[in-house]
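Q: So here's data05.cif, just mmCIF, C-alpha atoms (C1' of nucleotides):
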data_start
#
loop_
_atom_site.label_atom_id
_atom_site.label_comp_id
_atom_site.auth_asym_id
_atom_site.auth_seq_id
_atom_site.Cartn_x
_atom_site.Cartn_y
_atom_site.Cartn_z
CA MET A 20 -117.81 14.13 59.58
CA ILE A 21 -114.46 13.51 61.27
CA ALA A 22 -113.18 10.01 60.64
CA ASN A 23 -111.53 8.66 63.72
CA VAL A 24 -109.02 6.72 61.73
CA GLY A 25 -105.43 7.43 60.95
CA ARG A 26 -102.74 9.08 62.98
CA PRO A 27 -104.06 11.69 65.38
CA LEU A 28 -102.95 15.32 65.37
CA GLU A 29 -100.00 16.05 67.59
CA PHE A 30 -101.09 19.63 68.14
CA ASP A 31 -104.18 21.44 69.31
CA PRO A 32 -105.64 23.30 66.32
CA ASP A 33 -107.01 26.01 68.55
CA THR A 34 -103.69 26.63 70.23
CA VAL A 35 -101.67 26.86 67.05
CA LEU A 36 -104.30 29.06 65.41
CA GLU A 37 -104.10 31.42 68.35
CA ALA A 38 -100.33 31.52 67.97
CA ALA A 39 -100.61 32.25 64.26
CA MET A 40 -103.13 34.99 64.94
CA GLN A 41 -100.80 36.68 67.36
CA VAL A 42 -98.03 36.76 64.77
CA PHE A 43 -100.24 38.08 61.98
CA TRP A 44 -101.69 40.62 64.37
CA ALA A 45 -98.31 41.88 65.44
CA LYS A 46 -96.58 41.86 62.08
CA GLY A 47 -99.21 42.01 59.36
CA TYR A 48 -99.60 39.56 56.53
CA GLU A 49 -96.69 40.36 54.25
CA HIS A 50 -94.29 41.03 57.10
CA THR A 51 -95.00 37.55 58.40
CA SER A 52 -93.02 34.71 56.82
CA MET A 53 -93.85 31.06 56.88
CA GLN A 54 -90.80 30.62 59.08
CA ASP A 55 -92.27 33.03 61.62
CA LEU A 56 -95.48 31.07 61.64
CA LEU A 57 -93.85 27.66 61.89
CA VAL A 58 -91.76 28.75 64.85
CA ALA A 59 -94.65 30.43 66.65
CA MET A 60 -97.00 27.55 66.00
CA ASN A 61 -94.31 24.96 66.64
CA LEU A 62 -95.44 23.05 63.59
CA SER A 63 -93.83 21.39 60.63
CA LYS A 64 -94.56 22.76 57.21
CA SER A 65 -96.49 19.70 56.18
CA SER A 66 -98.75 19.88 59.19
CA LEU A 67 -99.48 23.52 58.59
CA TYR A 68 -100.30 23.03 54.93
CA GLN A 69 -102.35 19.94 55.64
CA ALA A 70 -104.29 21.56 58.46
CA PHE A 71 -104.80 25.05 57.06
CA GLY A 72 -103.97 24.93 53.38
CA GLY A 73 -101.46 27.75 53.11
CA LYS A 74 -100.52 31.18 54.29
CA GLN A 75 -103.51 33.12 53.03
CA GLN A 76 -106.06 30.56 54.16
CA LEU A 77 -104.42 30.47 57.56
CA TYR A 78 -104.69 34.25 57.63
CA GLN A 79 -108.38 34.04 56.84
CA HIS A 80 -108.85 31.55 59.66
CA CYS A 81 -107.11 34.03 61.94
CA ILE A 82 -109.38 36.86 60.86
CA ALA A 83 -112.42 34.75 61.65
CA ARG A 84 -110.98 33.72 64.97
CA TYR A 85 -110.15 37.30 65.86
CA ALA A 86 -113.66 38.44 65.04
CA ASP A 87 -115.17 35.59 67.02
CA GLN A 88 -113.12 36.43 70.06
CA LEU A 89 -113.63 40.17 69.90
CA VAL A 90 -117.34 40.06 69.20
CA GLY A 91 -117.81 37.54 71.99
CA LEU A 92 -115.85 39.72 74.36
CA LEU A 93 -117.84 42.80 73.42
CA TYR A 94 -121.18 41.13 74.09
CA ARG A 95 -119.94 39.74 77.39
CA GLU A 96 -118.61 43.10 78.47
CA LEU A 97 -121.80 44.78 77.39
CA ALA A 98 -123.84 42.32 79.44
CA ALA A 99 -121.63 42.91 82.45
CA ALA A 100 -121.48 46.70 82.13
CA PRO A 101 -123.53 48.88 84.45
CA SER A 102 -124.89 50.75 81.44
CA GLY A 103 -124.62 50.90 77.67
CA TRP A 104 -122.97 54.27 77.90
CA ARG A 105 -120.34 53.07 80.36
CA PHE A 106 -119.62 50.15 78.06
CA ILE A 107 -119.06 52.52 75.15
CA GLU A 108 -116.76 54.65 77.26
CA GLY A 109 -114.80 51.59 78.27
CA PHE A 110 -114.66 50.35 74.71
CA LEU A 111 -113.10 53.55 73.43
CA HIS A 112 -110.72 53.85 76.35
CA SER A 113 -109.44 50.34 75.69
CA VAL A 114 -107.23 51.84 73.00
CA LEU A 115 -105.12 53.23 75.83
CA ASP A 116 -104.07 49.69 76.64
CA ASP A 117 -102.40 49.58 73.24
CA VAL A 118 -99.99 52.37 74.05
CA ALA A 119 -99.53 51.22 77.65
CA ALA A 120 -98.48 47.74 76.59
CA PRO A 121 -94.75 47.02 76.38
CA CYS A 122 -94.97 45.84 72.78
CA THR A 123 -95.72 48.07 69.83
CA PRO A 124 -99.41 48.85 69.15
CA ARG A 125 -100.90 46.19 66.92
CA GLY A 126 -104.16 47.92 66.08
CA CYS A 127 -107.10 45.74 65.14
CA LEU A 128 -106.31 42.67 63.08
CA VAL A 129 -109.36 43.14 60.89
CA MET A 130 -108.71 46.80 60.19
CA ASN A 131 -105.08 46.00 59.55
CA ALA A 132 -106.24 43.47 56.99
CA ALA A 133 -108.52 46.06 55.43
CA SER A 134 -105.68 48.51 55.28
CA GLU A 135 -103.16 46.06 53.88
CA PHE A 136 -105.37 44.41 51.28
CA ALA A 137 -108.23 46.83 50.69
CA GLN A 138 -110.36 45.47 47.86
CA GLY A 139 -107.34 43.90 46.19
CA THR A 140 -107.98 40.39 47.46
CA PRO A 141 -111.67 39.59 47.21
CA GLU A 142 -111.74 36.68 49.66
CA ILE A 143 -110.13 38.78 52.34
CA ALA A 144 -112.22 41.82 51.51
CA GLN A 145 -115.24 39.64 52.15
CA ASP A 146 -113.88 38.35 55.47
CA VAL A 147 -113.16 41.92 56.49
CA ALA A 148 -116.61 43.13 55.52
CA LYS A 149 -118.26 40.32 57.43
CA SER A 150 -116.18 40.98 60.53
CA VAL A 151 -116.80 44.70 60.47
CA GLU A 152 -120.48 43.96 60.19
CA ARG A 153 -120.28 41.84 63.33
CA PHE A 154 -118.42 44.56 65.19
CA ARG A 155 -121.08 47.04 64.14
CA GLY A 156 -123.78 44.71 65.41
CA ALA A 157 -122.24 44.47 68.85
CA LEU A 158 -121.75 48.20 69.11
CA GLN A 159 -125.23 48.85 67.82
CA SER A 160 -126.58 46.75 70.68
CA ALA A 161 -124.67 48.95 73.07
CA VAL A 162 -125.99 52.12 71.46
CA GLU A 163 -129.56 50.83 71.59
CA ARG A 164 -129.17 49.94 75.22
CA ALA A 165 -127.81 53.41 75.95
CA GLN A 166 -130.79 54.83 74.13
CA ARG A 167 -133.18 52.80 76.26
CA GLU A 168 -131.32 53.96 79.33
CA GLY A 169 -131.60 57.56 78.30
CA ASP A 170 -127.91 58.28 77.74
CA ILE A 171 -128.28 58.62 73.98
CA SER A 172 -131.24 60.24 72.30
CA PRO A 173 -133.57 57.56 70.90
CA GLU A 174 -134.10 59.72 67.85
CA ARG A 175 -130.64 59.11 66.54
CA ASP A 176 -129.95 56.25 64.18
CA ALA A 177 -128.32 53.45 66.15
CA ARG A 178 -126.79 51.89 63.09
CA THR A 179 -125.09 55.12 62.07
CA LEU A 180 -123.78 55.68 65.55
CA ALA A 181 -122.43 52.14 65.60
CA ASN A 182 -120.65 52.77 62.30
CA TYR A 183 -119.28 55.96 63.81
CA LEU A 184 -117.91 54.00 66.75
CA VAL A 185 -116.25 51.45 64.49
CA SER A 186 -114.72 54.22 62.42
CA SER A 187 -113.59 56.18 65.47
CA MET A 188 -112.03 53.14 67.05
CA SER A 189 -110.10 52.28 63.94
CA GLY A 190 -108.95 55.89 63.72
CA LEU A 191 -107.77 55.79 67.30
CA LYS A 192 -105.89 52.54 66.73
CA VAL A 193 -104.09 54.01 63.76
CA GLN A 194 -103.17 57.07 65.78
CA ALA A 195 -101.75 54.79 68.45
CA LYS A 196 -99.70 53.05 65.78
CA ALA A 197 -98.58 56.40 64.48
CA GLY A 198 -97.11 57.18 67.87
CA ALA A 199 -99.79 59.26 69.60
CA ASP A 200 -99.39 59.33 73.37
CA ALA A 201 -102.07 58.47 75.93
CA LEU A 202 -102.94 62.10 76.61
CA THR A 203 -103.56 62.81 72.95
CA LEU A 204 -105.72 59.72 72.63
CA LYS A 205 -107.73 60.64 75.73
CA GLY A 206 -108.42 64.04 74.25
CA ILE A 207 -109.69 62.48 71.04
CA ILE A 208 -111.85 59.99 72.93
CA GLU A 209 -113.54 62.78 74.83
CA VAL A 210 -114.49 64.47 71.59
CA VAL A 211 -115.67 61.19 70.10
CA LEU A 212 -117.98 60.66 73.07
CA LYS A 213 -119.28 64.20 72.77
CA ALA A 214 -120.76 63.39 69.38
CA LEU A 215 -122.92 60.67 70.89
CA SER A 216 -124.54 62.46 73.78
CA MET B 17 -73.74 71.54 45.82
CA ILE B 18 -74.60 69.97 42.47
CA ALA B 19 -71.54 69.71 40.27
CA ASN B 20 -72.46 70.36 36.66
CA VAL B 21 -70.03 67.78 35.42
CA GLY B 22 -70.59 64.26 34.24
CA ARG B 23 -73.44 62.75 32.36
CA PRO B 24 -76.77 64.43 33.05
CA LEU B 25 -79.81 62.59 34.41
CA GLU B 26 -82.07 61.15 31.75
CA PHE B 27 -85.12 61.44 33.97
CA ASP B 28 -86.87 64.10 35.98
CA PRO B 29 -86.45 63.21 39.68
CA ASP B 30 -89.75 64.83 40.53
CA THR B 31 -91.66 62.88 37.90
CA VAL B 32 -90.26 59.50 38.83
CA LEU B 33 -90.76 60.19 42.53
CA GLU B 34 -94.39 60.98 41.85
CA ALA B 35 -94.72 57.70 39.98
CA ALA B 36 -93.12 55.78 42.83
CA MET B 37 -95.42 57.48 45.31
CA GLN B 38 -98.48 56.42 43.37
CA VAL B 39 -97.37 52.80 43.41
CA PHE B 40 -96.55 52.75 47.11
CA TRP B 41 -99.80 54.54 47.82
CA ALA B 42 -101.86 52.04 45.88
CA LYS B 43 -100.10 48.86 46.96
CA GLY B 44 -98.33 49.51 50.24
CA TYR B 45 -94.66 48.97 50.92
CA GLU B 46 -94.35 45.21 51.08
CA HIS B 47 -96.81 44.60 48.28
CA THR B 48 -94.67 46.77 46.01
CA SER B 49 -91.72 45.08 44.35
CA MET B 50 -88.70 46.72 42.86
CA GLN B 51 -89.98 45.54 39.52
CA ASP B 52 -93.22 47.43 40.05
CA LEU B 53 -91.27 50.55 40.86
CA LEU B 54 -88.87 50.25 37.95
CA VAL B 55 -91.72 49.84 35.49
CA ALA B 56 -93.76 52.70 36.93
CA MET B 57 -90.77 54.99 37.14
CA ASN B 58 -89.37 53.81 33.83
CA LEU B 59 -85.94 53.62 35.35
CA SER B 60 -83.08 51.18 35.38
CA LYS B 61 -82.13 49.57 38.65
CA SER B 62 -78.82 51.38 38.81
CA SER B 63 -80.42 54.76 38.33
CA LEU B 64 -82.93 54.13 41.06
CA TYR B 65 -80.31 53.00 43.52
CA GLN B 66 -77.97 55.83 42.63
CA ALA B 67 -80.71 58.44 42.86
CA PHE B 68 -82.63 57.22 45.89
CA GLY B 69 -80.50 54.62 47.64
CA GLY B 70 -82.92 51.74 47.82
CA LYS B 71 -86.48 50.72 48.37
CA GLN B 72 -86.97 51.95 51.91
CA GLN B 73 -85.25 55.27 51.34
CA LEU B 74 -87.34 55.77 48.24
CA TYR B 75 -90.39 55.04 50.35
CA GLN B 76 -89.34 57.65 52.86
CA HIS B 77 -88.90 60.17 50.06
CA CYS B 78 -92.43 59.34 48.98
CA ILE B 79 -93.82 59.85 52.46
CA ALA B 80 -92.22 63.26 52.60
CA ARG B 81 -93.49 64.13 49.15
CA TYR B 82 -96.99 63.01 50.03
CA ALA B 83 -97.01 65.09 53.19
CA ASP B 84 -95.68 68.12 51.31
CA GLN B 85 -98.37 67.85 48.68
CA LEU B 86 -101.23 67.20 51.06
CA VAL B 87 -100.30 69.85 53.60
CA GLY B 88 -99.82 72.36 50.81
CA LEU B 89 -103.18 71.46 49.37
CA LEU B 90 -104.89 71.76 52.74
CA TYR B 91 -103.53 75.25 53.36
CA ARG B 92 -104.47 76.35 49.87
CA GLU B 93 -107.97 74.99 50.22
CA LEU B 94 -108.32 76.56 53.62
CA ALA B 95 -107.27 79.92 52.22
CA ALA B 96 -109.77 79.59 49.39
CA ALA B 97 -112.64 78.30 51.54
CA PRO B 98 -115.53 80.61 52.44
CA SER B 99 -115.13 79.63 56.08
CA GLY B 100 -113.09 77.40 58.34
CA TRP B 101 -116.15 75.29 59.00
CA ARG B 102 -116.88 74.80 55.34
CA PHE B 103 -113.30 73.76 54.80
CA ILE B 104 -113.59 71.14 57.54
CA GLU B 105 -116.79 69.85 56.03
CA GLY B 106 -115.17 69.59 52.64
CA PHE B 107 -112.11 67.93 54.10
CA LEU B 108 -114.14 65.15 55.68
CA HIS B 109 -116.34 64.70 52.65
CA SER B 110 -113.28 64.25 50.45
CA VAL B 111 -113.21 60.64 51.64
CA LEU B 112 -116.21 60.08 49.42
CA ASP B 113 -113.94 60.60 46.42
CA ASP B 114 -112.08 57.47 47.50
CA VAL B 115 -115.09 55.24 47.08
CA ALA B 116 -116.31 57.06 43.98
CA ALA B 117 -113.01 56.57 42.18
CA PRO B 118 -112.76 53.66 39.75
CA CYS B 119 -109.71 52.22 41.49
CA THR B 120 -109.70 50.67 44.92
CA PRO B 121 -109.48 53.07 47.91
CA ARG B 122 -105.88 53.79 48.74
CA GLY B 123 -106.39 55.52 52.06
CA CYS B 124 -103.75 57.98 53.20
CA LEU B 125 -100.18 57.05 52.38
CA VAL B 126 -98.91 58.22 55.75
CA MET B 127 -101.54 56.38 57.75
CA ASN B 128 -100.95 53.31 55.64
CA ALA B 129 -97.29 53.56 56.55
CA ALA B 130 -98.21 53.91 60.21
CA SER B 131 -100.44 50.89 59.95
CA GLU B 132 -97.95 48.75 58.07
CA PHE B 133 -94.84 49.59 60.08
CA ALA B 134 -96.12 50.94 63.40
CA GLN B 135 -93.14 51.54 65.64
CA GLY B 136 -91.25 48.63 64.11
CA THR B 137 -89.07 50.71 61.82
CA PRO B 138 -87.82 53.78 63.72
CA GLU B 139 -86.91 55.87 60.68
CA ILE B 140 -90.35 55.45 59.19
CA ALA B 141 -92.07 55.91 62.54
CA GLN B 142 -90.31 59.26 62.72
CA ASP B 143 -91.36 60.24 59.19
CA VAL B 144 -94.91 59.27 60.04
CA ALA B 145 -94.92 61.23 63.28
CA LYS B 146 -93.56 64.29 61.55
CA SER B 147 -96.14 64.09 58.78
CA VAL B 148 -99.05 63.59 61.16
CA GLU B 149 -97.85 66.60 63.07
CA ARG B 150 -97.97 68.65 59.89
CA PHE B 151 -101.48 67.44 59.10
CA ARG B 152 -102.55 68.36 62.59
CA GLY B 153 -101.07 71.83 62.13
CA ALA B 154 -103.07 72.48 58.99
CA LEU B 155 -106.30 71.24 60.53
CA GLN B 156 -105.66 73.21 63.69
CA SER B 157 -105.46 76.35 61.58
CA ALA B 158 -108.84 75.49 60.17
CA VAL B 159 -110.31 74.88 63.62
CA GLU B 160 -108.93 78.15 64.92
CA ARG B 161 -110.36 80.02 61.98
CA ALA B 162 -113.74 78.38 62.57
CA GLN B 163 -113.48 79.45 66.19
CA ARG B 164 -112.80 83.04 65.18
CA GLU B 165 -115.72 82.87 62.80
CA GLY B 166 -118.02 81.62 65.52
CA ASP B 167 -118.70 78.15 64.12
CA ILE B 168 -116.75 76.35 66.83
CA SER B 169 -116.72 77.42 70.45
CA PRO B 170 -113.48 79.27 71.25
CA GLU B 171 -113.39 77.51 74.60
CA ARG B 172 -112.54 74.19 73.07
CA ASP B 173 -108.94 73.14 72.61
CA ALA B 174 -108.04 73.60 68.96
CA ARG B 175 -105.17 71.15 69.14
CA THR B 176 -107.39 68.40 70.50
CA LEU B 177 -110.02 69.03 67.87
CA ALA B 178 -107.35 68.89 65.18
CA ASN B 179 -106.17 65.55 66.53
CA TYR B 180 -109.76 64.42 66.49
CA LEU B 181 -110.05 65.37 62.85
CA VAL B 182 -106.88 63.51 61.92
CA SER B 183 -108.10 60.45 63.78
CA SER B 184 -111.58 60.65 62.30
CA MET B 185 -110.23 61.03 58.80
CA SER B 186 -107.96 58.05 59.14
CA GLY B 187 -110.88 56.06 60.54
CA LEU B 188 -113.01 57.02 57.58
CA LYS B 189 -110.28 56.08 55.13
CA VAL B 190 -109.98 52.66 56.70
CA GLN B 191 -113.72 52.18 56.54
CA ALA B 192 -113.59 53.05 52.87
CA LYS B 193 -110.89 50.44 52.41
CA ALA B 194 -112.97 47.97 54.35
CA GLY B 195 -115.74 48.38 51.82
CA ALA B 196 -118.10 50.91 53.38
CA ASP B 197 -120.39 52.57 50.85
CA ALA B 198 -120.86 56.28 50.36
CA LEU B 199 -124.06 56.41 52.37
CA THR B 200 -122.45 54.78 55.38
CA LEU B 201 -119.53 57.16 55.18
CA LYS B 202 -121.82 60.17 54.92
CA GLY B 203 -123.62 59.05 58.05
CA ILE B 204 -120.35 58.80 59.92
CA ILE B 205 -119.19 62.19 58.68
CA GLU B 206 -122.34 63.83 59.98
CA VAL B 207 -121.71 62.43 63.43
CA VAL B 208 -118.06 63.46 63.29
CA LEU B 209 -119.08 67.02 62.50
CA LYS B 210 -121.61 67.00 65.33
CA ALA B 211 -118.82 66.59 67.86
CA LEU B 212 -117.23 69.84 66.71
CA SER B 213 -120.16 72.21 66.83
"C1'" DT C 16 -58.86 65.76 22.19
"C1'" DT C 17 -58.10 64.27 26.45
"C1'" DT C 18 -59.63 63.61 31.10
"C1'" DA C 19 -62.59 63.64 35.00
"C1'" DT C 20 -67.08 62.85 36.45
"C1'" DT C 21 -71.43 61.10 36.51
"C1'" DG C 22 -75.43 58.15 34.61
"C1'" DT C 23 -77.17 53.84 32.49
"C1'" DG C 24 -78.06 49.03 31.25
"C1'" DG C 25 -77.79 44.57 32.40
"C1'" DA C 26 -75.62 40.65 34.28
"C1'" DA C 27 -74.83 38.40 38.53
"C1'" DC C 28 -75.60 37.52 43.56
"C1'" DA C 29 -77.03 35.60 47.80
"C1'" DT C 30 -80.96 34.81 50.04
"C1'" DA C 31 -85.67 34.12 51.35
"C1'" DT C 32 -89.99 33.14 49.75
"C1'" DG C 33 -94.32 30.14 49.61
"C1'" DG C 34 -95.28 25.70 48.19
"C1'" DT C 35 -94.80 20.52 47.01
"C1'" DC C 36 -93.54 15.75 47.64
"C1'" DC C 37 -92.46 11.48 49.60
"C1'" DA C 38 -90.76 8.27 52.86
"C1'" DT C 39 -91.85 7.30 57.46
"C1'" DA C 40 -94.63 7.14 61.73
"C1'" DT C 41 -98.80 6.50 64.21
"C1'" DT C 42 -103.34 5.44 64.89
"C1'" DG C 43 -108.24 2.69 64.31
"C1'" DG C 44 -110.74 -1.07 62.26
"C1'" DC C 45 -110.79 -5.82 60.60
"C1'" DG D 13 -101.05 -8.86 62.69
"C1'" DC D 14 -102.48 -6.54 58.73
"C1'" DC D 15 -104.44 -2.80 56.19
"C1'" DA D 16 -106.42 1.63 55.37
"C1'" DA D 17 -106.08 6.29 56.70
"C1'" DT D 18 -104.02 10.23 58.44
"C1'" DA D 19 -99.95 13.02 60.36
"C1'" DT D 20 -95.18 14.35 60.41
"C1'" DG D 21 -90.44 15.66 59.21
"C1'" DG D 22 -87.54 17.25 55.99
"C1'" DA D 23 -85.67 17.44 51.56
"C1'" DC D 24 -86.57 19.77 47.43
"C1'" DC D 25 -88.30 23.25 44.05
"C1'" DA D 26 -89.02 27.20 41.23
"C1'" DT D 27 -89.19 31.75 41.68
"C1'" DA D 28 -88.88 36.47 43.31
"C1'" DT D 29 -86.56 39.39 46.32
"C1'" DG D 30 -83.50 43.58 47.16
"C1'" DT D 31 -78.94 44.62 46.15
"C1'" DT D 32 -74.25 45.01 44.08
"C1'" DC D 33 -71.10 45.51 40.48
"C1'" DC D 34 -68.93 46.67 36.23
"C1'" DA D 35 -68.39 47.79 31.50
"C1'" DC D 36 -69.94 51.41 28.73
"C1'" DA D 37 -72.12 55.97 27.49
"C1'" DA D 38 -72.54 60.82 27.81
"C1'" DT D 39 -71.41 65.16 29.32
"C1'" DA D 40 -68.23 69.36 31.06
"C1'" DA D 41 -63.84 71.20 31.82
"C1'" DA D 42 -58.92 71.55 30.50
#
Please render this file's structure as structure tokens.

A:
Amino acid sequence: MIANVGRPLEFDPDTVLEAAMQVFWAKGYEHTSMQDLLVAMNLSKSSLYQAFGGKQQLYQHCIARYADQLVGLLYRELAAAPSGWRFIEGFLHSVLDDVAAPCTPRGCLVMNAASEFAQGTPEIAQDVAKSVERFRGALQSAVERAQREGDISPERDARTLANYLVSSMSGLKVQAKAGADALTLKGIIEVVLKALS
Amino acid sequence: MIANVGRPLEFDPDTVLEAAMQVFWAKGYEHTSMQDLLVAMNLSKSSLYQAFGGKQQLYQHCIARYADQLVGLLYRELAAAPSGWRFIEGFLHSVLDDVAAPCTPRGCLVMNAASEFAQGTPEIAQDVAKSVERFRGALQSAVERAQREGDISPERDARTLANYLVSSMSGLKVQAKAGADALTLKGIIEVVLKALS
DNA sequence: TTTATTGTGGAACATATGGTCCATATTGGC
DNA sequence: GCCAATATGGACCATATGTTCCACAATAAA
């Protein structure tokens, strides 16, 4: 449906969207100004509005992109992991990267969106719900694999455990943002894992 | 240190602070405008600035107030609870009130602040850290009581379990904001509790 | 009653915000 | 080369922001 007429884009949509996502991720929606975005994306205002429609729509694109990337990564890591259980361990421990990184913890873009907007903005609430659902799906696959492999009792509800993992991860990310150190987070992670086995 | 000279205040500082807190709690810092605050507090701009210094300082007052109220409530509820374990159960289940309420889930003001500002604003990061520490203290008391009462193994580290509870609660609150229903939350809470026993 | 001190209302401020518009530039098709 | 179609740069806009300031009001002390 793309007409190959007219002046071609001078930027790569994927690249600039990635740049926008990084800014929103680091600063949140309201803390991010159009100026921030234009600089990071290296775009003129017209191009941005023409290509993405506006700030909120761009944000929604970023949420979708973030979910795509993360869900894809999760499934790839799960496929590559020696076991479902080890994948889950690795998943939870990945929060330690947040505090180890030089920049301030950014949390999870989707949960940040949930926290910032809650149900206040229906379109975003829907994007958030859809993304969370996808996260849950990926983690549920891991739980089910761990159940098949005997590391988690097959009698437990995989869906519930997946929800628990999503919730625990978002809790951990917030703690990281709140200033918790690596040792504290490790302690929490151990307890989180205990509930699964 | 209060000189009883000059024109007296026409408002009750405690009342207007409570009103401000409710607004910040419901809408977050950036989503709250001075106008919102002035209307809710029923104050003139001058009075607000004279009494609280400005938006951010008012916000910090609100964080402190929120922590005071919540920590006080937790200790009172713990004292009144039939057991430490029952208190912890009740504490976690209180997240269900968020989704049952007619208004949109507000989460925890302090965790919202952590999420919105992270380490970006040192003064607020410090307020957040201090408040989280107080929450942890209250929950640690509950854990220790449950340990004395035989509901939690005394061999486990009470501090770590308290951190786990703080993290789990903030995770649950975010899930509520993200649109999780009561049943989903209940499922998660059950798993959270399993890790303690 | 005068004076010192503090609070209040509202005007005014500089700035930053997200968003729009149009002239111009660059391409593909005829 | 011409035309239709699309992209770009930048000026422009209305508005909302947090904040400051000052004239005036209200109280306590002298």

Q: Under the PyMOL selection byres ((chain B) within 7 of (chain A)), which residues of this model are included? Write them out as a PyMOL selection string.

A: chain B and resi 44+46+120-121+127-128+130-132+134-135+141+144-145+176+179-180+183-184+186-188+190-191+193-195+203-204+207-208+210-211

Q: Of the candidates B:Pro29, B:Pro118, B:Pro24, B:Pro98, which one gets nearest to DG22 in chain C if we count only C-alpha atoms (C1' of nucleotides)?

A: B:Pro24

Q: Go through range 34-109 of chain B and flag each residue having an atom no more than 12 Å from range 25-43 of chain C; for those, report the closest pair of atoms plus their distance in Å to one decimal, using all atoms listed in the file, ordered by chain and rising number, as a Markdown table.

A:
| residue | atom | partner | partner_atom | distance |
| --- | --- | --- | --- | --- |
| B:Ser60 | CA | C:DG25 | C1' | 9.0 |
| B:Lys61 | CA | C:DG25 | C1' | 9.1 |
| B:Ser62 | CA | C:DG25 | C1' | 9.4 |

Q: Near chain B, which residues of chain D fall within 12 Å when you count only C-alpha atoms (C1' of nucleotides), and what do they look like as a VMD selection string?

A: chain D and resid 28 to 34 37 to 41

Q: Mind dumping the selected residues with C-alpha atoms (C1' of nucleotides) as a PDB file, in the frame of the given file?

A:
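Once everything was written out, this is result.pdb:
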ATOM      1  C1'  DA D  28     -88.880  36.470  43.310  1.00  0.00           C
ATOM      2  C1'  DT D  29     -86.560  39.390  46.320  1.00  0.00           C
ATOM      3  C1'  DG D  30     -83.500  43.580  47.160  1.00  0.00           C
ATOM      4  C1'  DT D  31     -78.940  44.620  46.150  1.00  0.00           C
ATOM      5  C1'  DT D  32     -74.250  45.010  44.080  1.00  0.00           C
ATOM      6  C1'  DC D  33     -71.100  45.510  40.480  1.00  0.00           C
ATOM      7  C1'  DC D  34     -68.930  46.670  36.230  1.00  0.00           C
ATOM      8  C1'  DA D  37     -72.120  55.970  27.490  1.00  0.00           C
ATOM      9  C1'  DA D  38     -72.540  60.820  27.810  1.00  0.00           C
ATOM     10  C1'  DT D  39     -71.410  65.160  29.320  1.00  0.00           C
ATOM     11  C1'  DA D  40     -68.230  69.360  31.060  1.00  0.00           C
ATOM     12  C1'  DA D  41     -63.840  71.200  31.820  1.00  0.00           C
TER      13       DA D  41
END

Q: CA of Ser169 in chain B to CA of Ala154 in chain B: how many Å, to one decimal?

A: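 Spanning CA of Ser169 in chain B to CA of Ala154 in chain B is a straight-line distance of 18.5 Å.
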
Q: List as CSV every residue of chain C that is in contact with chain B, defined as an atom at most 7 Å from one of its atoms (using all atoms listed in the file), together with the nearest atom pair and the distance in Å rounded to one decimal, sorted by chain and then rising number.

A:
residue,atom,partner,partner_atom,distance
C:DT20,C1',B:Gly22,CA,4.4
C:DT21,C1',B:Gly22,CA,4.0
C:DG22,C1',B:Arg23,CA,5.5
C:DT23,C1',B:Ser63,CA,6.7
C:DG24,C1',B:Ser60,CA,6.8

Q: Since we have the selection now, will you write its residues out, keeping C-alpha atoms (C1' of nucleotides), as a tab-separated table (two decimals), in the coordinates of the input?

A:
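Final file, part05.tsv:
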chain	number	residue	atom	x	y	z
C	20	DT	C1'	-67.08	62.85	36.45
C	21	DT	C1'	-71.43	61.10	36.51
C	22	DG	C1'	-75.43	58.15	34.61
C	23	DT	C1'	-77.17	53.84	32.49
C	24	DG	C1'	-78.06	49.03	31.25

Q: Neighbouring residues of Leu36 in chain A were defined as those with any atom within 9 Å, considering all atoms listed in the file; residues of the same chain fewer than 2 positions away were excluded. Please report them as a PyMOL selection string.

A: chain A and resi 31-34+38-41+60+77+80-81+84

Q: Okay, now the selection with C-alpha atoms, as a PDB file, keeping the file's coordinate frame?

A:
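What landed in again.pdb:
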ATOM      1  CA  ASP A  31    -104.180  21.440  69.310  1.00  0.00           C
ATOM      2  CA  PRO A  32    -105.640  23.300  66.320  1.00  0.00           C
ATOM      3  CA  ASP A  33    -107.010  26.010  68.550  1.00  0.00           C
ATOM      4  CA  THR A  34    -103.690  26.630  70.230  1.00  0.00           C
ATOM      5  CA  ALA A  38    -100.330  31.520  67.970  1.00  0.00           C
ATOM      6  CA  ALA A  39    -100.610  32.250  64.260  1.00  0.00           C
ATOM      7  CA  MET A  40    -103.130  34.990  64.940  1.00  0.00           C
ATOM      8  CA  GLN A  41    -100.800  36.680  67.360  1.00  0.00           C
ATOM      9  CA  MET A  60     -97.000  27.550  66.000  1.00  0.00           C
ATOM     10  CA  LEU A  77    -104.420  30.470  57.560  1.00  0.00           C
ATOM     11  CA  HIS A  80    -108.850  31.550  59.660  1.00  0.00           C
ATOM     12  CA  CYS A  81    -107.110  34.030  61.940  1.00  0.00           C
ATOM     13  CA  ARG A  84    -110.980  33.720  64.970  1.00  0.00           C
TER      14      ARG A  84
END

Q: Would you please work out which residue, of A:Leu92, A:Val42, A:Glu174, A:Asp200, is nearest to Leu158 in chain A when using all atoms listed in the file?

A: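 With all atoms listed in the file as the atom set, the closest residue is A:Leu92.
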
Q: For CA of Leu56 in chain A and CA of Phe43 in chain A, quote the distance in Å rounded to one decimal.

A: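 According to the coordinates, CA of Leu56 in chain A and CA of Phe43 in chain A are separated by 8.5 Å.
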
Q: Measure the distance from CA of Leu94 in chain B to CA of Arg152 in chain B in Å and round it to one decimal.

A: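 Computed distance, CA of Leu94 in chain B to CA of Arg152 in chain B, equals 13.5 Å.
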